[in-house]
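For reference, the structure is listed below as structure tokens.
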Amino acid sequence: MAISAATKAATDALAVNRAPVSVGAQEVHRWMQSFTWDFEKNRTKYSTKYKMANDTKEQFKLIAKEYARMESVKDERQFGSLQDVLTRVDAANRVHPKWNESMKVISNFLEVGEYNAIAATGMLWDSATAPEQKNGYLGQVLDEIRHTNQCGYINYYFAKQGQDAAGHNDARRTRAIGPLWKGMKRVFSDGFISGDAVECSINLQLVGEACFTNPLIVAVTEWASANGDEMTPTVFLSIETDELRHMANGYQTVVSIANDAAASKYLNTDLNNAFWTQQKYFTPVLGMMFEYGSHFKVEPWVKTWNRWVYEDWGGIWIGRLGKYGVQSPASLRDAKKDAYWAHHDLFMLAYALWPTGFFRLTLPTAEEAEWYEANYPGWYDMYGKVYEEWKARGCEDPNSGFLPLQWFIENNHPIYIDRVSQVPFCPSYCKGASTLRVLEFNGKKHSFSDQWGERMWLSEPERYECQNIFEQYEGRELSEVIAEGHGLRSDGKTLISQPHTNKDGKLWTLDDIKKINCVFSDPLKAL
Amino acid sequence: MSIEVSGGRRGLTDPALAATILAAIPDQPLETQRKMNYFMTPRGKRINEYEVLCCYTQPTPDWIPGGLDWGDWTQKFHGGRPSWSNESTEMRSSDWLKHRDPAFRWHALYVKDKAEEWRYTDRFLKAYSADGQVRSMDPVWRDEVLGDYLGAFGFSEYGLFNSHSSVVRDCLGDTLRMSSAMIGLDKVDNAQMIQMERTFLAKLVPGFPESTDIPKNEWTKGAIFKGSREVVQQIWQETYDWNEILFSGHMIYDPLFGQFVRREFFSRLSSYYGDTLTPFFINQMQLYFSQTKGITTDMFHTCLASDEAFGDYNTRLMHVWANKWLPRTITALKDFMGIFAKIPEIQGVTDKPAIEAALNRVFDDWKHDFADPIGYKADTAALIKTVLTGLK
Ligand SMILES: [Fe+2]
Ligand SMILES: [Fe+2]
């Protein structure tokens, strides 16, 4: 159209219609796919054996400004609730102490996952070629910053308003002392960011988010609220509203590689490894946090696990991807066995190592023991009996000179750490499926607790070289390790971690630990 | 009472549950230190909310300076490359976690601002259209300049946006990572605003082409953006060092090329061509530019150039990078001068003295804000002279 004619047309158009006009987000988004251009060196900095298709679309058609609007509406609601009514009713001081402790771990460890997901989706934004797919990952980058801040906000809120700030106020520093941390890094940190970009997407989105985010974020809100905590549901349910987009990103990642020949060769192996990696940590740790970290129970973990991991994820979600050649992971059956006993085994070890935590742990009460036995027949003979013995020997009392770790040593039950998952296990005293496998490589011994991790290590040992806490602390006395890792409260004497949450119970100090003279050794050296 | 509770009973409101819970809570709080991250060094007098929510979320071991963790990575790239490593950049730091966004924006504050900008943009466009302001726009300016060249500039913003992906993956600090994602999002927002303006014009001006085809052709094949396209491609895809990506994009290319194009060309000239629409969008971009400047000067000047142990080394490296990226940016500007032959000349506005004055403003600002603080000497008069040789 000639220029002058266009001007006249604009004037004529206005004469006919003076209604205000704006531009919607989707009217901009529909041009996104054409924002990129071809040039010689246009390629990703992160190699992947898969090829992501150039025309991959995204489901949620957001632009930067609309994203911001949507999120800020959610923020107003969430922070409004926290700062207004929940503060006025002193909600942080109406949470069961056991749950107050669990949130030190849950919120901080979830924060690690959220934080690493920023970097992970940065990598995927780089790897994708289609601008819409890049845009989907970009939205997730920003979401994960949001979630990092939100998880931090929970610890911040509990520290400021709650009954025991220690651990909430310094989790980012003291978390590195104990036995749960390195395993957390494997699943929620390095597993998301170090590897083939698509493999990382499978870890993060297809397994981490689609499979374990539901139990982690949704189930945790039910346990929280039963135990008096309304802060966590307020924040976590708001996080969950973003997760749908992330699962869609994971789904689109698979769609984008489905036509690539590499997919039929590698996709199911990568999925199986990712599933095993994530479940190896989350199955026991989540079960332990829920059941042992609460007073009021919602349902046995094994039921939650079967519903969400086995049926919803392994069945429905993976089923939907079946048309792209995705199969249910071969390791799902072994995982199902873990879902019954692994968290009971892990709690025993975590409690034995309680001084290295940044939270207080509590042994099951008589009514809890009954609940465990009813839901996990055989529980008492394996665990309940031992806990009674520990209690009788004064494990909660700082004057007793007894740490449950001694029980393992006295009874010749060495505790090992699985090199690949970094999860501790005691092969001679467990009901879960852990078995000890030891391999030597480059003059160093490595222990493993299952065939899936061992296989991953055998094919790529250079990816799993990380030393474990026993190798790191070997020869060092426990109180030294705690002091160096800042495991003390603000009085400079009392431990952050404690073996009980009894309000009248005495608190352990660093001196109480020092008196016991517990020196770390590396069990692999004894083999 | 059974300890298994079903039916969504809530411990806060259910009297029986609440009684059990309250009985278990200690009479006095067990800890008096209630400040989260109390151990950290704040930028200002006190630890602020941004520092509480962002700082030390990065889980790096202490061999990456600033990290609080110990040991190795639990899983590495195929072949054994570490998750994060000091080798990802040539810059060195005593503390990679030291950076702060001077506006202390964590996620909620960042999206709140942008959400307000969006709501206001929507209201502004409605008022602008109902007011019929588009009638006053010079048709050549509208169809040639906004249709083609503003659209083409959107690709520069989009390419710079994409240069942030690997920075978000690779950088070594939490506040660095969050800031980089935010300034990256602002760049795609700019590209989207440019398309938004074009879509808006297409709604008001029958026949105005909304499609990105013509601008993309201009960007990929035309002479005016040849130099800038090459720089953007190099920053986006040829540069692996995450600090160099940020430095080349935000300390050299954008403060010179981006500033000239946005502020001295589109924003300054638009009013002369009866265009009251473009400045509305450009001014949002200018807001993002100034916020980004706060962020990247904090990274490079406040943190890296002033680092107690490595400041001198880092400053020397910045000079090396400036020597590398400045000539390319000058070429980009020189190519862009070709645009003045495409628009109706206005005395004192688009003639050579006016262009030279505009270039002087941009180079003065750059020298003051970016070059002087690191002692980088550049003969700006000579650089401007080179740029002006591009005038047809
Ligand atoms: Fe998240
Ligand atoms: Fe997510």
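Simple scheme: letters A, B, ... for chains in structure tokens order, numbers from 1 for residues in each chain, numbers from 1 for ligands in the order shown.
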(message) Among range 151-387 of chain B, which residues does DSSP mark as alpha helix (DSSP H) when it is run on the backbone? Keep the chain and numbering as in the structure and answer as a ChimeraX atom specification.
(response) /B:151-162,164-170,174-204,213-221,226-233,242-247,259,268-270,278-297,311-336,352-366,380-387
(request) Do a neighbour search on range 129-145 of chain A at 6 Å with only C-alpha atoms, toss out local chain neighbours closer than 4 positions, and write the hits as an MDAnalysis selection string. (result) chainID A and resid 33 54:58 114 118 121 125
(request) Would you kindly return, as number ranges by chain, each protein, DNA or RNA residue with an atom no farther than 12 Å from any atom of Arg307 in chain A, considering only C-alpha atoms and excluding same-chain residues fewer than 2 positions away? (result) A: 211-212, 214-215, 219, 299-305, 309-316, 336, 339
Dump as a PDB file, in the first residue's frame, selection limited to N, CA and C atoms:
ATOM      1  N   CYS A 211       7.866 -36.345  38.678  1.00  0.00           N
ATOM      2  CA  CYS A 211       7.691 -37.491  39.568  1.00  0.00           C
ATOM      3  C   CYS A 211       7.770 -37.098  41.034  1.00  0.00           C
ATOM      4  N   PHE A 212       8.849 -36.407  41.430  1.00  0.00           N
ATOM      5  CA  PHE A 212       9.042 -36.190  42.862  1.00  0.00           C
ATOM      6  C   PHE A 212       8.560 -34.839  43.381  1.00  0.00           C
ATOM      7  N   ASN A 214       5.636 -33.658  43.013  1.00  0.00           N
ATOM      8  CA  ASN A 214       4.305 -33.838  43.586  1.00  0.00           C
ATOM      9  C   ASN A 214       4.372 -34.270  45.037  1.00  0.00           C
ATOM     10  N   PRO A 215       5.060 -35.384  45.326  1.00  0.00           N
ATOM     11  CA  PRO A 215       5.173 -35.735  46.743  1.00  0.00           C
ATOM     12  C   PRO A 215       5.847 -34.641  47.549  1.00  0.00           C
ATOM     13  N   ALA A 219       2.433 -33.170  48.830  1.00  0.00           N
ATOM     14  CA  ALA A 219       2.239 -33.967  50.043  1.00  0.00           C
ATOM     15  C   ALA A 219       2.778 -33.233  51.261  1.00  0.00           C
ATOM     16  N   GLU A 299      -0.548 -40.274  56.112  1.00  0.00           N
ATOM     17  CA  GLU A 299      -0.720 -41.655  55.656  1.00  0.00           C
ATOM     18  C   GLU A 299       0.672 -42.251  55.535  1.00  0.00           C
ATOM     19  N   PRO A 300       0.778 -43.574  55.545  1.00  0.00           N
ATOM     20  CA  PRO A 300       2.108 -44.171  55.398  1.00  0.00           C
ATOM     21  C   PRO A 300       2.737 -43.755  54.069  1.00  0.00           C
ATOM     22  N   TRP A 301       4.012 -43.482  54.117  1.00  0.00           N
ATOM     23  CA  TRP A 301       4.748 -43.016  52.941  1.00  0.00           C
ATOM     24  C   TRP A 301       4.602 -43.978  51.775  1.00  0.00           C
ATOM     25  N   VAL A 302       4.601 -45.278  52.083  1.00  0.00           N
ATOM     26  CA  VAL A 302       4.543 -46.255  51.004  1.00  0.00           C
ATOM     27  C   VAL A 302       3.269 -46.077  50.173  1.00  0.00           C
ATOM     28  N   LYS A 303       2.194 -45.632  50.816  1.00  0.00           N
ATOM     29  CA  LYS A 303       0.948 -45.398  50.062  1.00  0.00           C
ATOM     30  C   LYS A 303       1.081 -44.185  49.162  1.00  0.00           C
ATOM     31  N   THR A 304       1.622 -43.109  49.716  1.00  0.00           N
ATOM     32  CA  THR A 304       1.840 -41.900  48.922  1.00  0.00           C
ATOM     33  C   THR A 304       2.720 -42.229  47.719  1.00  0.00           C
ATOM     34  N   TRP A 305       3.775 -42.961  48.011  1.00  0.00           N
ATOM     35  CA  TRP A 305       4.751 -43.318  46.968  1.00  0.00           C
ATOM     36  C   TRP A 305       4.079 -44.123  45.856  1.00  0.00           C
ATOM     37  N   VAL A 309       4.313 -41.962  42.635  1.00  0.00           N
ATOM     38  CA  VAL A 309       5.475 -42.355  41.840  1.00  0.00           C
ATOM     39  C   VAL A 309       5.105 -43.520  40.922  1.00  0.00           C
ATOM     40  N   TYR A 310       4.521 -44.551  41.521  1.00  0.00           N
ATOM     41  CA  TYR A 310       4.309 -45.770  40.750  1.00  0.00           C
ATOM     42  C   TYR A 310       3.134 -45.637  39.783  1.00  0.00           C
ATOM     43  N   GLU A 311       1.984 -45.209  40.313  1.00  0.00           N
ATOM     44  CA  GLU A 311       0.791 -45.182  39.450  1.00  0.00           C
ATOM     45  C   GLU A 311       0.748 -43.920  38.575  1.00  0.00           C
ATOM     46  N   ASP A 312       0.782 -42.739  39.216  1.00  0.00           N
ATOM     47  CA  ASP A 312       0.625 -41.502  38.435  1.00  0.00           C
ATOM     48  C   ASP A 312       1.784 -41.258  37.482  1.00  0.00           C
ATOM     49  N   TRP A 313       2.989 -41.375  38.019  1.00  0.00           N
ATOM     50  CA  TRP A 313       4.136 -41.054  37.172  1.00  0.00           C
ATOM     51  C   TRP A 313       4.510 -42.243  36.285  1.00  0.00           C
ATOM     52  N   GLY A 314       4.841 -43.395  36.926  1.00  0.00           N
ATOM     53  CA  GLY A 314       5.280 -44.562  36.167  1.00  0.00           C
ATOM     54  C   GLY A 314       4.213 -45.048  35.201  1.00  0.00           C
ATOM     55  N   GLY A 315       2.947 -44.893  35.596  1.00  0.00           N
ATOM     56  CA  GLY A 315       1.861 -45.344  34.739  1.00  0.00           C
ATOM     57  C   GLY A 315       1.381 -44.256  33.791  1.00  0.00           C
ATOM     58  N   ILE A 316       0.720 -43.242  34.358  1.00  0.00           N
ATOM     59  CA  ILE A 316       0.020 -42.271  33.498  1.00  0.00           C
ATOM     60  C   ILE A 316       0.970 -41.339  32.741  1.00  0.00           C
ATOM     61  N   LYS A 336      10.272 -49.663  43.964  1.00  0.00           N
ATOM     62  CA  LYS A 336       9.046 -49.961  44.710  1.00  0.00           C
ATOM     63  C   LYS A 336       9.372 -50.706  46.011  1.00  0.00           C
ATOM     64  N   ALA A 339      10.627 -48.282  48.580  1.00  0.00           N
ATOM     65  CA  ALA A 339       9.629 -47.389  49.153  1.00  0.00           C
ATOM     66  C   ALA A 339       9.062 -47.917  50.467  1.00  0.00           C
TER      67      ALA A 339
END
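Distances from A:Leu237, A:Ala10, A:Val23, A:Ala176 to ligand 1 were compared using only C-alpha atoms and all ligand atoms, and the smallest one belongs to A:Leu237.
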(request) Determine which residues of chain A sit within 6 Å of chain B, taking into account only C-alpha atoms, and present them as a VMD selection string. (result) chain A and resid 3 10 18 to 22 28 64 to 65 68 to 69 72 96 to 97 119 122 to 123 125 to 126 146 149 152 156 159 to 160 163 to 166 169 to 170 176 186 190 194 to 195 225 to 228 296 to 298 462 to 464 466 503
Atoms to include: N, CA and C atoms. Write the selected residues as a compact mmCIF listing (two decimals), in the first residue's frame.
# COMPACT_ATOMS: atom_id res chain seq x y z
N ILE A 3 2.30 4.84 0.82
CA ILE A 3 2.42 5.44 2.14
C ILE A 3 1.29 6.42 2.45
N ALA A 10 -5.53 5.13 7.93
CA ALA A 10 -5.50 5.19 9.39
C ALA A 10 -6.50 6.23 9.89
N ARG A 18 -13.44 4.62 17.23
CA ARG A 18 -12.55 5.31 18.18
C ARG A 18 -12.32 4.47 19.43
N ALA A 19 -12.71 3.20 19.37
CA ALA A 19 -12.55 2.35 20.57
C ALA A 19 -11.07 2.18 20.89
N PRO A 20 -10.73 2.21 22.17
CA PRO A 20 -9.32 2.01 22.56
C PRO A 20 -8.82 0.63 22.13
N VAL A 21 -7.60 0.60 21.67
CA VAL A 21 -7.00 -0.65 21.20
C VAL A 21 -5.69 -0.87 21.96
N SER A 22 -5.45 -2.11 22.31
CA SER A 22 -4.16 -2.44 22.92
C SER A 22 -3.61 -3.69 22.22
N VAL A 28 1.78 -10.83 20.56
CA VAL A 28 3.23 -10.66 20.41
C VAL A 28 3.89 -12.03 20.31
N ALA A 64 7.56 -11.63 28.37
CA ALA A 64 8.21 -11.22 29.62
C ALA A 64 7.25 -10.46 30.53
N LYS A 65 6.54 -9.50 29.98
CA LYS A 65 5.71 -8.64 30.82
C LYS A 65 4.51 -9.40 31.38
N ALA A 68 5.55 -11.50 34.24
CA ALA A 68 5.73 -10.72 35.46
C ALA A 68 4.39 -10.41 36.12
N ARG A 69 3.41 -10.09 35.32
CA ARG A 69 2.09 -9.76 35.86
C ARG A 69 1.49 -10.96 36.61
N SER A 72 3.38 -11.69 39.84
CA SER A 72 3.25 -10.71 40.91
C SER A 72 1.87 -10.79 41.56
N HIS A 96 4.08 -27.89 65.37
CA HIS A 96 4.68 -28.91 66.23
C HIS A 96 6.20 -28.84 66.12
N PRO A 97 6.91 -28.91 67.26
CA PRO A 97 8.37 -28.77 67.23
C PRO A 97 9.05 -29.74 66.26
N ALA A 119 20.19 -22.70 36.92
CA ALA A 119 21.31 -22.97 36.02
C ALA A 119 20.94 -24.03 34.98
N GLY A 122 18.89 -22.58 32.38
CA GLY A 122 19.76 -21.70 31.59
C GLY A 122 20.45 -22.51 30.51
N MET A 123 20.92 -23.68 30.90
CA MET A 123 21.58 -24.57 29.93
C MET A 123 20.60 -25.03 28.85
N TRP A 125 17.84 -23.46 27.90
CA TRP A 125 17.57 -22.27 27.08
C TRP A 125 18.67 -22.14 26.02
N ASP A 126 19.91 -22.44 26.40
CA ASP A 126 21.01 -22.38 25.45
C ASP A 126 20.93 -23.52 24.42
N ARG A 146 12.33 -17.44 41.54
CA ARG A 146 11.20 -17.20 42.46
C ARG A 146 11.17 -18.27 43.54
N ASN A 149 13.88 -18.01 46.13
CA ASN A 149 13.55 -16.95 47.09
C ASN A 149 12.43 -17.38 48.03
N GLY A 152 13.72 -19.84 50.61
CA GLY A 152 14.47 -19.06 51.58
C GLY A 152 13.53 -18.32 52.53
N TYR A 156 13.48 -18.07 56.57
CA TYR A 156 13.57 -16.69 57.08
C TYR A 156 12.41 -16.41 58.04
N ALA A 159 12.71 -18.52 61.19
CA ALA A 159 13.80 -18.00 62.03
C ALA A 159 13.33 -16.76 62.79
N LYS A 160 12.65 -15.90 62.09
CA LYS A 160 12.25 -14.63 62.68
C LYS A 160 11.13 -14.82 63.70
N GLN A 163 9.85 -20.96 67.01
CA GLN A 163 10.26 -21.42 68.34
C GLN A 163 11.73 -21.82 68.42
N ASP A 164 12.34 -22.17 67.27
CA ASP A 164 13.77 -22.50 67.29
C ASP A 164 14.41 -22.06 65.98
N ALA A 165 15.05 -20.90 66.03
CA ALA A 165 15.61 -20.31 64.81
C ALA A 165 16.88 -21.02 64.34
N ALA A 166 17.58 -21.68 65.26
CA ALA A 166 18.88 -22.27 64.89
C ALA A 166 18.68 -23.32 63.81
N ASN A 169 18.17 -20.33 60.52
CA ASN A 169 18.89 -19.07 60.27
C ASN A 169 20.24 -19.26 59.57
N ASP A 170 20.74 -20.47 59.51
CA ASP A 170 22.06 -20.66 58.89
C ASP A 170 22.19 -21.97 58.12
N ALA A 176 26.26 -28.47 55.17
CA ALA A 176 27.32 -29.26 54.55
C ALA A 176 27.99 -30.24 55.51
N ARG A 186 23.74 -34.50 44.74
CA ARG A 186 23.69 -35.36 43.55
C ARG A 186 22.35 -35.20 42.83
N ASP A 190 24.04 -31.28 41.10
CA ASP A 190 24.82 -31.72 39.95
C ASP A 190 24.00 -32.52 38.94
N SER A 194 24.98 -31.05 35.29
CA SER A 194 26.24 -31.55 34.75
C SER A 194 26.03 -32.80 33.93
N GLY A 195 26.02 -32.62 32.64
CA GLY A 195 25.87 -33.76 31.75
C GLY A 195 25.30 -33.31 30.43
N SER A 225 0.28 -28.99 57.30
CA SER A 225 -0.91 -28.42 57.90
C SER A 225 -1.45 -29.31 59.02
N ALA A 226 -1.31 -30.64 58.90
CA ALA A 226 -1.70 -31.51 60.02
C ALA A 226 -0.90 -31.17 61.27
N ASN A 227 0.35 -30.75 61.07
CA ASN A 227 1.21 -30.46 62.21
C ASN A 227 1.25 -28.97 62.58
N GLY A 228 0.24 -28.25 62.12
CA GLY A 228 0.07 -26.86 62.56
C GLY A 228 0.75 -25.82 61.68
N PHE A 296 1.80 -35.65 63.89
CA PHE A 296 0.59 -36.20 63.28
C PHE A 296 0.90 -36.74 61.88
N LYS A 297 0.43 -37.95 61.61
CA LYS A 297 0.75 -38.60 60.34
C LYS A 297 -0.44 -38.49 59.39
N VAL A 298 -0.15 -38.31 58.13
CA VAL A 298 -1.22 -38.20 57.13
C VAL A 298 -1.56 -39.58 56.56
N GLU A 462 34.55 -41.51 35.87
CA GLU A 462 35.09 -40.16 36.03
C GLU A 462 34.00 -39.13 36.39
N ARG A 463 32.75 -39.54 36.27
CA ARG A 463 31.69 -38.61 36.65
C ARG A 463 31.36 -38.67 38.14
N TYR A 464 31.77 -39.75 38.78
CA TYR A 464 31.38 -39.93 40.19
C TYR A 464 32.61 -40.16 41.05
N CYS A 466 33.41 -37.99 43.69
CA CYS A 466 33.31 -37.16 44.88
C CYS A 466 33.61 -37.95 46.16
N LYS A 503 10.65 -30.58 75.30
CA LYS A 503 10.85 -29.20 75.74
C LYS A 503 11.52 -29.10 77.10
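Minimum distance to Arg94 in chain A across A:Pro179, A:Pro284, A:Gly80, A:Gly162 (counting only C-alpha atoms) occurs at A:Gly162.
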(message) Residues near Ala358 in chain B, anyone? I mean within 10 Å using only C-alpha atoms, not counting same-chain ones fewer than 2 positions away, as a PyMOL selection string.
(response) chain B and resi 260+263-265+268+349-350+352-356+360-364
(message) Using only C-alpha atoms and all ligand atoms, which residues of the polymer chains come no farther than 10 Å from ligand 1? I'd like the answer as a PyMOL selection string.
(response) chain A and resi 110-118+140-148+150-151+204-205+208-209+213+217+236+239-243+246
Taking 3 positions as the minimum chain separation for residues in the same chain, which residues sit within 12 Å of Leu527 in chain A when counting only C-alpha atoms? Answer as a PDB file with C-alpha atoms, in the first residue's frame.
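Result went into around-v5.pdb, see below:
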ATOM      1  CA  PRO A 414      29.853 -50.610  59.492  1.00  0.00           C
ATOM      2  CA  TYR A 416      29.184 -47.155  54.101  1.00  0.00           C
ATOM      3  CA  LEU A 436      27.612 -53.969  49.635  1.00  0.00           C
ATOM      4  CA  ARG A 437      29.632 -53.912  46.431  1.00  0.00           C
ATOM      5  CA  VAL A 438      33.208 -52.669  46.501  1.00  0.00           C
ATOM      6  CA  LEU A 439      35.272 -51.838  43.442  1.00  0.00           C
ATOM      7  CA  GLU A 440      38.762 -50.491  43.090  1.00  0.00           C
ATOM      8  CA  LYS A 444      40.914 -45.965  45.388  1.00  0.00           C
ATOM      9  CA  LYS A 445      38.087 -48.083  46.803  1.00  0.00           C
ATOM     10  CA  HIS A 446      34.474 -47.329  46.038  1.00  0.00           C
ATOM     11  CA  SER A 447      31.398 -48.763  47.732  1.00  0.00           C
ATOM     12  CA  ASP A 522      36.795 -44.622  56.683  1.00  0.00           C
ATOM     13  CA  PRO A 523      35.085 -48.040  56.533  1.00  0.00           C
ATOM     14  CA  LEU A 524      36.575 -48.707  53.105  1.00  0.00           C
TER      15      LEU A 524
END
Contact residues around Cys303 in chain B with only C-alpha atoms at 10 Å, ignoring same-chain residues under 4 positions, as a PDB file with C-alpha atoms, in the first residue's frame:
ATOM      1  CA  SER B  93      37.758 -13.113  42.430  1.00  0.00           C
ATOM      2  CA  SER B  94      38.274 -13.425  46.154  1.00  0.00           C
ATOM      3  CA  ASP B  95      34.541 -13.853  46.534  1.00  0.00           C
ATOM      4  CA  TRP B  96      32.220 -14.728  43.690  1.00  0.00           C
ATOM      5  CA  LEU B  97      29.217 -14.145  45.932  1.00  0.00           C
ATOM      6  CA  LYS B  98      29.953 -10.486  46.549  1.00  0.00           C
ATOM      7  CA  HIS B  99      27.880  -8.911  43.775  1.00  0.00           C
ATOM      8  CA  ARG B 100      24.662  -7.081  44.637  1.00  0.00           C
ATOM      9  CA  THR B 296      27.044  -4.745  35.574  1.00  0.00           C
ATOM     10  CA  THR B 297      29.089  -1.849  36.937  1.00  0.00           C
ATOM     11  CA  ASP B 298      28.673  -3.439  40.345  1.00  0.00           C
ATOM     12  CA  MET B 299      29.955  -6.722  38.909  1.00  0.00           C
ATOM     13  CA  ASP B 307      39.086  -7.001  44.325  1.00  0.00           C
ATOM     14  CA  GLU B 308      41.819  -6.850  46.949  1.00  0.00           C
ATOM     15  CA  GLY B 311      41.818  -6.128  41.114  1.00  0.00           C
ATOM     16  CA  ASN B 314      41.087  -8.032  36.437  1.00  0.00           C
TER      17      ASN B 314
END
Mind checking which residues fall within 8 Å of range 326-329 of chain B, counting only C-alpha atoms, ignoring those fewer than 4 positions away in the same chain, and posting them as a short mmCIF file (atom, residue, chain, number, x, y, z; two decimals) with all heavy atoms, in the first residue's frame?
data_model
loop_
_atom_site.label_atom_id
_atom_site.label_comp_id
_atom_site.auth_asym_id
_atom_site.auth_seq_id
_atom_site.Cartn_x
_atom_site.Cartn_y
_atom_site.Cartn_z
N GLY B 227 27.40 -4.67 10.84
CA GLY B 227 28.40 -4.69 11.92
C GLY B 227 27.79 -5.13 13.24
O GLY B 227 28.38 -5.93 13.98
N SER B 228 26.61 -4.63 13.54
CA SER B 228 26.02 -5.00 14.84
C SER B 228 25.62 -6.46 14.85
O SER B 228 25.78 -7.15 15.86
CB SER B 228 24.83 -4.10 15.17
OG SER B 228 23.81 -4.24 14.22
N VAL B 231 28.68 -8.43 15.73
CA VAL B 231 29.06 -8.36 17.15
C VAL B 231 28.11 -9.20 17.99
O VAL B 231 28.54 -9.97 18.87
CB VAL B 231 29.05 -6.91 17.69
CG1 VAL B 231 29.57 -6.89 19.12
CG2 VAL B 231 29.88 -6.00 16.82
N ILE B 252 30.42 -2.57 26.72
CA ILE B 252 30.95 -1.99 25.47
C ILE B 252 29.84 -1.82 24.44
O ILE B 252 29.47 -0.69 24.08
CB ILE B 252 32.07 -2.87 24.85
CG1 ILE B 252 33.17 -3.18 25.88
CG2 ILE B 252 32.64 -2.20 23.60
CD1 ILE B 252 34.16 -2.08 26.15
N TYR B 253 29.29 -2.91 23.98
CA TYR B 253 28.38 -2.85 22.83
C TYR B 253 27.09 -2.09 23.14
O TYR B 253 26.72 -1.16 22.43
CB TYR B 253 28.06 -4.27 22.34
CG TYR B 253 27.00 -4.34 21.27
CD1 TYR B 253 27.30 -4.02 19.94
CD2 TYR B 253 25.69 -4.73 21.57
CE1 TYR B 253 26.32 -4.08 18.95
CE2 TYR B 253 24.71 -4.79 20.59
CZ TYR B 253 25.03 -4.46 19.28
OH TYR B 253 24.05 -4.52 18.30
N LEU B 256 27.24 1.73 23.90
CA LEU B 256 27.61 2.55 22.74
C LEU B 256 26.59 2.37 21.62
O LEU B 256 25.82 3.27 21.30
CB LEU B 256 29.02 2.20 22.26
CG LEU B 256 30.13 2.64 23.23
CD1 LEU B 256 31.47 2.02 22.85
CD2 LEU B 256 30.25 4.17 23.27
N PHE B 257 26.54 1.19 21.07
CA PHE B 257 25.63 0.96 19.95
C PHE B 257 24.17 1.03 20.40
O PHE B 257 23.35 1.77 19.84
CB PHE B 257 25.92 -0.39 19.29
CG PHE B 257 25.05 -0.65 18.10
CD1 PHE B 257 25.38 -0.12 16.86
CD2 PHE B 257 23.88 -1.40 18.21
CE1 PHE B 257 24.56 -0.34 15.75
CE2 PHE B 257 23.06 -1.62 17.11
CZ PHE B 257 23.39 -1.09 15.88
N ALA B 322 38.22 -4.77 26.31
CA ALA B 322 37.76 -3.52 25.70
C ALA B 322 38.45 -3.32 24.35
O ALA B 322 37.82 -2.95 23.35
CB ALA B 322 38.02 -2.34 26.63
N LEU B 333 28.54 0.82 14.73
CA LEU B 333 28.00 2.18 14.69
C LEU B 333 28.21 2.82 13.33
O LEU B 333 27.34 3.52 12.80
CB LEU B 333 28.67 3.04 15.77
CG LEU B 333 28.05 2.94 17.17
CD1 LEU B 333 28.98 3.57 18.21
CD2 LEU B 333 26.67 3.61 17.22
#
(request) Taking the chain letters and numbering used in this document, name the residues of range 440-522 of chain A that DSSP puts in strand (DSSP E or B), as a PyMOL selection string. (result) chain A and resi 440-441+444-448+477+488+494-495+498+509+519
(request) Kindly give the distance, in Å, that separates CA of Phe520 in chain A and CA of Val481 in chain A, rounded to a single decimal. (result) 9.6 Å
(message) Under the rule that only C-alpha atoms and all ligand atoms are counted, which of A:Trp99, A:Phe35, A:Phe188, A:Trp407 is the nearest residue to ligand 2?
(response)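 Closest to ligand 2, using only C-alpha atoms and all ligand atoms: A:Phe188.
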(request) Go through B:Leu383, B:Asp241, B:Met285, B:Phe336 and flag the residue nearest Lys45 in chain A, using only C-alpha atoms for the distances. (result)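 Selected residue with least distance to Lys45 in chain A: B:Asp241.
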